[in-house]
>>> print(open('upload.cif').read())   # mmCIF, C-alpha atoms; chains and numbers go by the auth columns
data_protein
loop_
_atom_site.group_PDB
_atom_site.id
_atom_site.type_symbol
_atom_site.label_atom_id
_atom_site.label_comp_id
_atom_site.label_asym_id
_atom_site.label_seq_id
_atom_site.Cartn_x
_atom_site.Cartn_y
_atom_site.Cartn_z
_atom_site.B_iso_or_equiv
_atom_site.auth_seq_id
_atom_site.auth_asym_id
ATOM 1 C CA MET A 1 -121.706 106.424 6.679 0.00 21 A
ATOM 2 C CA PRO A 2 -121.704 102.614 6.902 0.00 22 A
ATOM 3 C CA ALA A 3 -124.974 101.243 8.293 0.00 23 A
ATOM 4 C CA GLN A 4 -125.132 98.176 10.481 0.00 24 A
ATOM 5 C CA ILE A 5 -128.174 95.987 9.905 0.00 25 A
ATOM 6 C CA ARG A 6 -129.258 94.305 13.128 0.00 26 A
ATOM 7 C CA PHE A 7 -131.110 91.010 13.461 0.00 27 A
ATOM 8 C CA CYS A 8 -134.170 92.833 14.814 0.00 28 A
ATOM 9 C CA ASP A 9 -134.264 95.092 11.716 0.00 29 A
ATOM 10 C CA VAL A 10 -135.353 92.221 9.462 0.00 30 A
ATOM 11 C CA ASP A 11 -139.054 91.467 9.069 0.00 31 A
ATOM 12 C CA GLN A 12 -140.899 88.217 8.321 0.00 32 A
ATOM 13 C CA PHE A 13 -140.160 88.591 4.603 0.00 33 A
ATOM 14 C CA GLY A 14 -136.396 88.547 5.182 0.00 34 A
ATOM 15 C CA HIS A 15 -135.736 92.181 4.362 0.00 35 A
ATOM 16 C CA VAL A 16 -135.153 95.305 6.414 0.00 36 A
ATOM 17 C CA ASN A 17 -138.451 96.770 7.595 0.00 37 A
ATOM 18 C CA ASN A 18 -139.254 100.164 6.064 0.00 38 A
ATOM 19 C CA SER A 19 -139.407 101.870 9.473 0.00 39 A
ATOM 20 C CA VAL A 20 -135.746 100.979 10.088 0.00 40 A
ATOM 21 C CA TYR A 21 -134.590 103.180 7.218 0.00 41 A
ATOM 22 C CA PHE A 22 -135.742 106.278 9.110 0.00 42 A
ATOM 23 C CA ALA A 23 -133.620 105.302 12.118 0.00 43 A
ATOM 24 C CA LEU A 24 -130.607 104.825 9.819 0.00 44 A
ATOM 25 C CA TYR A 25 -131.264 108.175 8.131 0.00 45 A
ATOM 26 C CA ASP A 26 -131.594 109.841 11.531 0.00 46 A
ATOM 27 C CA LEU A 27 -128.228 108.490 12.669 0.00 47 A
ATOM 28 C CA ALA A 28 -126.595 109.609 9.405 0.00 48 A
ATOM 29 C CA LYS A 29 -128.261 113.027 9.716 0.00 49 A
ATOM 30 C CA THR A 30 -126.774 113.419 13.200 0.00 50 A
ATOM 31 C CA THR A 31 -123.341 112.358 11.943 0.00 51 A
ATOM 32 C CA TYR A 32 -123.558 114.837 9.044 0.00 52 A
ATOM 33 C CA ILE A 33 -124.486 117.752 11.346 0.00 53 A
ATOM 34 C CA LYS A 34 -121.667 116.904 13.753 0.00 54 A
ATOM 35 C CA ASP A 35 -119.124 116.440 10.937 0.00 55 A
ATOM 36 C CA VAL A 36 -120.066 119.625 9.085 0.00 56 A
ATOM 37 C CA LEU A 37 -121.020 122.075 11.830 0.00 57 A
ATOM 38 C CA GLY A 38 -118.972 120.530 14.626 0.00 58 A
ATOM 39 C CA ASP A 39 -119.046 122.648 17.756 0.00 59 A
ATOM 40 C CA LYS A 40 -120.529 125.681 15.982 0.00 60 A
ATOM 41 C CA ILE A 41 -124.011 124.930 17.360 0.00 61 A
ATOM 42 C CA ASP A 42 -125.036 125.692 20.934 0.00 62 A
ATOM 43 C CA TRP A 43 -127.555 122.866 21.363 0.00 63 A
ATOM 44 C CA LYS A 44 -128.940 124.561 24.465 0.00 64 A
ATOM 45 C CA THR A 45 -130.297 127.469 22.409 0.00 65 A
ATOM 46 C CA ILE A 46 -130.577 126.163 18.824 0.00 66 A
ATOM 47 C CA GLY A 47 -132.255 123.061 17.535 0.00 67 A
ATOM 48 C CA MET A 48 -133.387 121.502 14.279 0.00 68 A
ATOM 49 C CA VAL A 49 -136.723 119.856 13.709 0.00 69 A
ATOM 50 C CA VAL A 50 -138.017 117.689 10.886 0.00 70 A
ATOM 51 C CA ALA A 51 -140.822 119.494 9.059 0.00 71 A
ATOM 52 C CA ASN A 52 -141.275 116.906 6.312 0.00 72 A
ATOM 53 C CA ILE A 53 -139.786 113.531 5.447 0.00 73 A
ATOM 54 C CA ASN A 54 -140.442 111.295 2.435 0.00 74 A
ATOM 55 C CA ALA A 55 -138.838 108.058 1.318 0.00 75 A
ATOM 56 C CA ASN A 56 -138.925 106.127 -1.942 0.00 76 A
ATOM 57 C CA PHE A 57 -138.123 102.439 -1.603 0.00 77 A
ATOM 58 C CA MET A 58 -136.549 101.054 -4.799 0.00 78 A
ATOM 59 C CA GLN A 59 -135.190 97.636 -3.794 0.00 79 A
ATOM 60 C CA PRO A 60 -135.293 95.635 -0.564 0.00 80 A
ATOM 61 C CA VAL A 61 -132.297 95.497 1.746 0.00 81 A
ATOM 62 C CA TYR A 62 -131.508 92.086 3.229 0.00 82 A
ATOM 63 C CA PHE A 63 -129.719 91.184 6.452 0.00 83 A
ATOM 64 C CA ASN A 64 -126.364 90.390 4.791 0.00 84 A
ATOM 65 C CA ASP A 65 -126.316 93.471 2.523 0.00 85 A
ATOM 66 C CA GLN A 66 -123.549 95.982 3.157 0.00 86 A
ATOM 67 C CA ILE A 67 -125.302 99.347 3.171 0.00 87 A
ATOM 68 C CA CYS A 68 -124.003 102.877 3.495 0.00 88 A
ATOM 69 C CA ILE A 69 -126.022 106.051 3.905 0.00 89 A
ATOM 70 C CA GLU A 70 -125.120 109.106 1.834 0.00 90 A
ATOM 71 C CA THR A 71 -126.255 112.472 3.189 0.00 91 A
ATOM 72 C CA SER A 72 -126.150 115.808 1.408 0.00 92 A
ATOM 73 C CA VAL A 73 -127.810 119.214 1.692 0.00 93 A
ATOM 74 C CA ILE A 74 -129.531 119.916 -1.623 0.00 94 A
ATOM 75 C CA HIS A 75 -131.314 123.172 -0.733 0.00 95 A
ATOM 76 C CA LEU A 76 -130.650 125.989 1.720 0.00 96 A
ATOM 77 C CA GLY A 77 -133.565 128.296 2.456 0.00 97 A
ATOM 78 C CA ASN A 78 -134.032 131.094 4.963 0.00 98 A
ATOM 79 C CA LYS A 79 -135.235 129.002 7.919 0.00 99 A
ATOM 80 C CA SER A 80 -134.996 125.506 6.468 0.00 100 A
ATOM 81 C CA PHE A 81 -132.766 123.216 4.470 0.00 101 A
ATOM 82 C CA THR A 82 -133.403 119.996 2.575 0.00 102 A
ATOM 83 C CA LEU A 83 -131.362 116.840 3.028 0.00 103 A
ATOM 84 C CA LEU A 84 -131.125 114.112 0.419 0.00 104 A
ATOM 85 C CA GLN A 85 -130.188 110.754 1.890 0.00 105 A
ATOM 86 C CA ARG A 86 -129.674 107.500 0.047 0.00 106 A
ATOM 87 C CA ALA A 87 -129.241 103.934 1.277 0.00 107 A
ATOM 88 C CA ILE A 88 -126.723 102.379 -1.117 0.00 108 A
ATOM 89 C CA GLU A 89 -125.516 98.794 -1.409 0.00 109 A
ATOM 90 C CA GLN A 90 -121.734 99.175 -1.143 0.00 110 A
ATOM 91 C CA GLU A 91 -120.629 96.459 -3.582 0.00 111 A
ATOM 92 C CA SER A 92 -122.996 97.211 -6.449 0.00 112 A
ATOM 93 C CA GLY A 93 -123.571 100.912 -5.797 0.00 113 A
ATOM 94 C CA GLU A 94 -127.299 100.268 -6.206 0.00 114 A
ATOM 95 C CA VAL A 95 -129.593 102.799 -4.550 0.00 115 A
ATOM 96 C CA LYS A 96 -132.017 100.875 -2.370 0.00 116 A
ATOM 97 C CA CYS A 97 -133.921 103.812 -0.887 0.00 117 A
ATOM 98 C CA GLU A 98 -133.900 107.588 -1.197 0.00 118 A
ATOM 99 C CA CYS A 99 -135.164 110.035 1.406 0.00 119 A
ATOM 100 C CA LYS A 100 -135.702 113.799 1.443 0.00 120 A
ATOM 101 C CA SER A 101 -136.085 115.654 4.728 0.00 121 A
ATOM 102 C CA VAL A 102 -136.905 119.305 5.278 0.00 122 A
ATOM 103 C CA MET A 103 -135.198 120.492 8.434 0.00 123 A
ATOM 104 C CA VAL A 104 -136.179 123.744 10.173 0.00 124 A
ATOM 105 C CA MET A 105 -133.872 125.713 12.442 0.00 125 A
ATOM 106 C CA PHE A 106 -135.468 126.287 15.820 0.00 126 A
ATOM 107 C CA ASP A 107 -134.790 128.842 18.563 0.00 127 A
ATOM 108 C CA LEU A 108 -135.212 126.853 21.774 0.00 128 A
ATOM 109 C CA LEU A 109 -135.332 129.962 23.975 0.00 129 A
ATOM 110 C CA GLN A 110 -138.070 131.669 21.948 0.00 130 A
ATOM 111 C CA ASN A 111 -139.782 128.369 21.043 0.00 131 A
ATOM 112 C CA GLU A 112 -140.086 129.316 17.371 0.00 132 A
ATOM 113 C CA SER A 113 -138.435 128.792 14.017 0.00 133 A
ATOM 114 C CA MET A 114 -135.456 130.981 13.212 0.00 134 A
ATOM 115 C CA ALA A 115 -133.302 131.984 10.267 0.00 135 A
ATOM 116 C CA ILE A 116 -130.362 129.725 9.535 0.00 136 A
ATOM 117 C CA PRO A 117 -127.284 131.634 10.716 0.00 137 A
ATOM 118 C CA GLU A 118 -125.185 132.839 7.777 0.00 138 A
ATOM 119 C CA THR A 119 -122.116 131.193 9.314 0.00 139 A
ATOM 120 C CA PHE A 120 -123.916 127.823 9.130 0.00 140 A
ATOM 121 C CA LYS A 121 -124.878 128.461 5.506 0.00 141 A
ATOM 122 C CA ASP A 122 -121.298 129.364 4.619 0.00 142 A
ATOM 123 C CA ILE A 123 -119.919 126.217 6.271 0.00 143 A
ATOM 124 C CA ILE A 124 -122.487 123.981 4.553 0.00 144 A
ATOM 125 C CA LYS A 125 -121.870 125.609 1.148 0.00 145 A
ATOM 126 C CA LYS A 126 -118.140 125.120 1.515 0.00 146 A
ATOM 127 C CA TYR A 127 -118.585 121.481 2.593 0.00 147 A
ATOM 128 C CA GLU A 128 -121.049 120.645 -0.182 0.00 148 A
ATOM 129 C CA GLY A 129 -119.304 122.634 -2.900 0.00 149 A
ATOM 130 C CA HIS A 130 -122.459 122.849 -5.040 0.00 150 A
ATOM 131 C CA LEU A 131 -124.909 125.200 -3.328 0.00 151 A
#
>>> encode(input="upload.cif", output="structure tokens")
Amino acid sequence: MPAQIRFCDVDQFGHVNNSVYFALYDLAKTTYIKDVLGDKIDWKTIGMVVANINANFMQPVYFNDQICIETSVIHLGNKSFTLLQRAIEQESGEVKCECKSVMVMFDLLQNESMAIPETFKDIIKKYEGHL
């Protein structure tokens, strides 16, 4: 997903502030879920919550850099899955930042975690082709 760097994203050192990456990853995460699962989720009864998120910053991103965010599921568990996301400079292919997020499926009616539906797992496995 192409990422647009806004003027307000740049800090006093001339590079994108580290907190901005999480907003970009969140937008890409939303796009991934919509693209892969489409209308298969009833958002009134099922949700997803972030249980853990970690980022490694390799190189700064500057205002004029053309960045894209790659998103992929790298692990499917019983109630959770792990996303790997990378901010990549489009011209050079250089990885600027890498983020792993553990997402937990959540039953909104019962207010508790829930097993990932097998249909979701099947769709994700087919999309990813490596799980």
>>> residues_near_point(input="upload.cif", point="(-134.9, 121.4, 17.3)", cutoff="7 Å", atoms="all atoms listed in the file", output="JSON, numbers by chain")
{"A": [66, 67, 68, 69, 125, 126]}
>>> resolve_selection(input="upload.cif", expression="the PyMOL selection byres ((chain A and resi 140) around 12)", output="VMD selection string")
chain A and resid 53 56 to 61 66 96 to 101 125 135 to 139 141 to 147
>>> closest_residue(input="upload.cif", among="A:Arg106, A:Asn131, A:Lys120, A:Tyr82", to="Gln32 of chain A", atoms="all atoms listed in the file")
A:Tyr82
>>> closest_residue(input="upload.cif", among="A:Lys116, A:His95, A:Lys49, A:Lys54", to="Pro80 of chain A", atoms="all atoms listed in the file")
A:Lys116
>>> residues_near_point(input="upload.cif", point="(-128.2, 100.2, -2.3)", cutoff="9 Å", atoms="all atoms listed in the file", output="list in words")
Met78, Gln79, Pro80, Val81, Asp85, Gln86, Ile87, Cys88, Ile89, Arg106, Ala107, Ile108, Glu109, Gln110, Glu111, Ser112, Gly113, Glu114, Val115, Lys116 and Cys117 of chain A
>>> closest_residue(input="upload.cif", among="A:Gln105, A:Phe27, A:Asn72, A:Phe83", to="Leu47 of chain A", atoms="all atoms listed in the file")
A:Gln105
>>> closest_residue(input="upload.cif", among="A:Thr91, A:Met123, A:Asn84, A:Asn74", to="His35 of chain A", atoms="all atoms listed in the file")
A:Asn84
>>> atom_distance(input="upload.cif", atom1="atom CA of Ile94 of chain A", atom2="atom CA of Asp62 of chain A")
23.7 Å
>>> closest_residue(input="upload.cif", among="A:Val36, A:Val30, A:Met21, A:Val70", to="Thr51 of chain A", atoms="all atoms listed in the file")
A:Met21
>>> atom_distance(input="upload.cif", atom1="atom CA of Asp55 of chain A", atom2="atom CA of Asn37 of chain A")
27.8 Å
>>> atom_distance(input="upload.cif", atom1="atom CA of Tyr45 of chain A", atom2="atom CA of Glu90 of chain A")
8.8 Å
>>> closest_residue(input="upload.cif", among="A:Asp46, A:Trp63, A:Phe77, A:Val93", to="Asp127 of chain A", atoms="only C-alpha atoms")
A:Trp63
>>> axis_aligned_box(input="upload.cif", around="segment 28-41 of chain A", padding_each_side="3 Å", output="lines of an AutoDock Vina configuration file")
center_x = -137.5
center_y = 95.7
center_z = 9.6
size_x = 12.7
size_y = 21.0
size_z = 16.5
>>> decode(input="upload.cif", residues="segment 40-52 of chain A", atoms="all heavy atoms", output="mmCIF file, in the first residue's frame")
data_model
loop_
_atom_site.group_PDB
_atom_site.id
_atom_site.type_symbol
_atom_site.label_atom_id
_atom_site.label_comp_id
_atom_site.auth_asym_id
_atom_site.auth_seq_id
_atom_site.Cartn_x
_atom_site.Cartn_y
_atom_site.Cartn_z
ATOM 1 N N VAL A 40 4.489 8.098 13.848
ATOM 2 C CA VAL A 40 3.723 8.119 12.594
ATOM 3 C C VAL A 40 3.695 6.741 11.930
ATOM 4 O O VAL A 40 2.700 6.355 11.319
ATOM 5 C CB VAL A 40 4.303 9.180 11.631
ATOM 6 C CG1 VAL A 40 3.665 9.104 10.258
ATOM 7 C CG2 VAL A 40 4.145 10.567 12.234
ATOM 8 N N TYR A 41 4.765 5.989 12.081
ATOM 9 C CA TYR A 41 4.825 4.659 11.481
ATOM 10 C C TYR A 41 3.642 3.808 11.933
ATOM 11 O O TYR A 41 3.064 3.065 11.136
ATOM 12 C CB TYR A 41 6.124 3.946 11.857
ATOM 13 C CG TYR A 41 7.348 4.507 11.208
ATOM 14 C CD1 TYR A 41 8.007 5.606 11.745
ATOM 15 C CD2 TYR A 41 7.863 3.939 10.045
ATOM 16 C CE1 TYR A 41 9.146 6.125 11.164
ATOM 17 C CE2 TYR A 41 9.006 4.449 9.454
ATOM 18 C CZ TYR A 41 9.640 5.540 10.010
ATOM 19 O OH TYR A 41 10.774 6.050 9.427
ATOM 20 N N PHE A 42 3.283 3.902 13.221
ATOM 21 C CA PHE A 42 2.194 3.079 13.735
ATOM 22 C C PHE A 42 0.855 3.452 13.102
ATOM 23 O O PHE A 42 0.011 2.586 12.880
ATOM 24 C CB PHE A 42 2.148 3.145 15.261
ATOM 25 C CG PHE A 42 3.349 2.509 15.894
ATOM 26 C CD1 PHE A 42 4.360 3.284 16.428
ATOM 27 C CD2 PHE A 42 3.488 1.125 15.910
ATOM 28 C CE1 PHE A 42 5.484 2.696 16.996
ATOM 29 C CE2 PHE A 42 4.613 0.524 16.472
ATOM 30 C CZ PHE A 42 5.607 1.316 17.020
ATOM 31 N N ALA A 43 0.670 4.724 12.791
ATOM 32 C CA ALA A 43 -0.546 5.145 12.084
ATOM 33 C C ALA A 43 -0.551 4.580 10.664
ATOM 34 O O ALA A 43 -1.585 4.123 10.171
ATOM 35 C CB ALA A 43 -0.653 6.665 12.059
ATOM 36 N N LEU A 44 0.610 4.602 10.000
ATOM 37 C CA LEU A 44 0.710 4.040 8.650
ATOM 38 C C LEU A 44 0.470 2.529 8.673
ATOM 39 O O LEU A 44 -0.237 1.988 7.815
ATOM 40 C CB LEU A 44 2.081 4.340 8.045
ATOM 41 C CG LEU A 44 2.394 5.813 7.802
ATOM 42 C CD1 LEU A 44 3.836 5.987 7.339
ATOM 43 C CD2 LEU A 44 1.427 6.422 6.806
ATOM 44 N N TYR A 45 1.055 1.853 9.657
ATOM 45 C CA TYR A 45 0.844 0.406 9.780
ATOM 46 C C TYR A 45 -0.621 0.097 10.074
ATOM 47 O O TYR A 45 -1.158 -0.892 9.571
ATOM 48 C CB TYR A 45 1.738 -0.189 10.867
ATOM 49 C CG TYR A 45 3.207 -0.211 10.511
ATOM 50 C CD1 TYR A 45 4.174 0.126 11.447
ATOM 51 C CD2 TYR A 45 3.633 -0.567 9.241
ATOM 52 C CE1 TYR A 45 5.519 0.097 11.132
ATOM 53 C CE2 TYR A 45 4.976 -0.591 8.912
ATOM 54 C CZ TYR A 45 5.918 -0.261 9.864
ATOM 55 O OH TYR A 45 7.242 -0.282 9.538
ATOM 56 N N ASP A 46 -1.262 0.920 10.876
ATOM 57 C CA ASP A 46 -2.670 0.700 11.196
ATOM 58 C C ASP A 46 -3.540 0.825 9.948
ATOM 59 O O ASP A 46 -4.437 0.009 9.712
ATOM 60 C CB ASP A 46 -3.123 1.688 12.267
ATOM 61 C CG ASP A 46 -4.481 1.343 12.833
ATOM 62 O OD1 ASP A 46 -4.664 0.193 13.275
ATOM 63 O OD2 ASP A 46 -5.356 2.227 12.826
ATOM 64 N N LEU A 47 -3.279 1.835 9.136
ATOM 65 C CA LEU A 47 -4.035 2.007 7.898
ATOM 66 C C LEU A 47 -3.808 0.817 6.955
ATOM 67 O O LEU A 47 -4.751 0.286 6.367
ATOM 68 C CB LEU A 47 -3.615 3.310 7.210
ATOM 69 C CG LEU A 47 -4.331 3.653 5.912
ATOM 70 C CD1 LEU A 47 -5.835 3.744 6.110
ATOM 71 C CD2 LEU A 47 -3.786 4.952 5.355
ATOM 72 N N ALA A 48 -2.562 0.374 6.843
ATOM 73 C CA ALA A 48 -2.261 -0.776 5.980
ATOM 74 C C ALA A 48 -2.879 -2.058 6.526
ATOM 75 O O ALA A 48 -3.333 -2.917 5.757
ATOM 76 C CB ALA A 48 -0.746 -0.934 5.830
ATOM 77 N N LYS A 49 -2.919 -2.189 7.841
ATOM 78 C CA LYS A 49 -3.546 -3.353 8.483
ATOM 79 C C LYS A 49 -5.034 -3.391 8.131
ATOM 80 O O LYS A 49 -5.578 -4.435 7.776
ATOM 81 C CB LYS A 49 -3.348 -3.233 9.991
ATOM 82 C CG LYS A 49 -3.861 -4.345 10.827
ATOM 83 C CD LYS A 49 -3.705 -4.025 12.321
ATOM 84 C CE LYS A 49 -2.326 -3.550 12.649
ATOM 85 N NZ LYS A 49 -2.194 -2.796 13.883
ATOM 86 N N THR A 50 -5.688 -2.248 8.209
ATOM 87 C CA THR A 50 -7.107 -2.147 7.875
ATOM 88 C C THR A 50 -7.339 -2.505 6.404
ATOM 89 O O THR A 50 -8.265 -3.253 6.070
ATOM 90 C CB THR A 50 -7.627 -0.726 8.159
ATOM 91 O OG1 THR A 50 -7.399 -0.434 9.534
ATOM 92 C CG2 THR A 50 -9.099 -0.591 7.844
ATOM 93 N N THR A 51 -6.483 -1.987 5.536
ATOM 94 C CA THR A 51 -6.597 -2.286 4.106
ATOM 95 C C THR A 51 -6.415 -3.779 3.853
ATOM 96 O O THR A 51 -7.168 -4.382 3.073
ATOM 97 C CB THR A 51 -5.549 -1.476 3.311
ATOM 98 O OG1 THR A 51 -5.798 -0.081 3.541
ATOM 99 C CG2 THR A 51 -5.623 -1.773 1.825
ATOM 100 N N TYR A 52 -5.431 -4.388 4.511
ATOM 101 C CA TYR A 52 -5.184 -5.826 4.355
ATOM 102 C C TYR A 52 -6.424 -6.621 4.764
ATOM 103 O O TYR A 52 -6.874 -7.497 4.018
ATOM 104 C CB TYR A 52 -3.977 -6.248 5.211
ATOM 105 C CG TYR A 52 -3.680 -7.718 5.149
ATOM 106 C CD1 TYR A 52 -2.756 -8.224 4.235
ATOM 107 C CD2 TYR A 52 -4.303 -8.623 5.995
ATOM 108 C CE1 TYR A 52 -2.481 -9.580 4.170
ATOM 109 C CE2 TYR A 52 -4.042 -9.978 5.941
ATOM 110 C CZ TYR A 52 -3.122 -10.453 5.026
ATOM 111 O OH TYR A 52 -2.857 -11.802 4.965
#
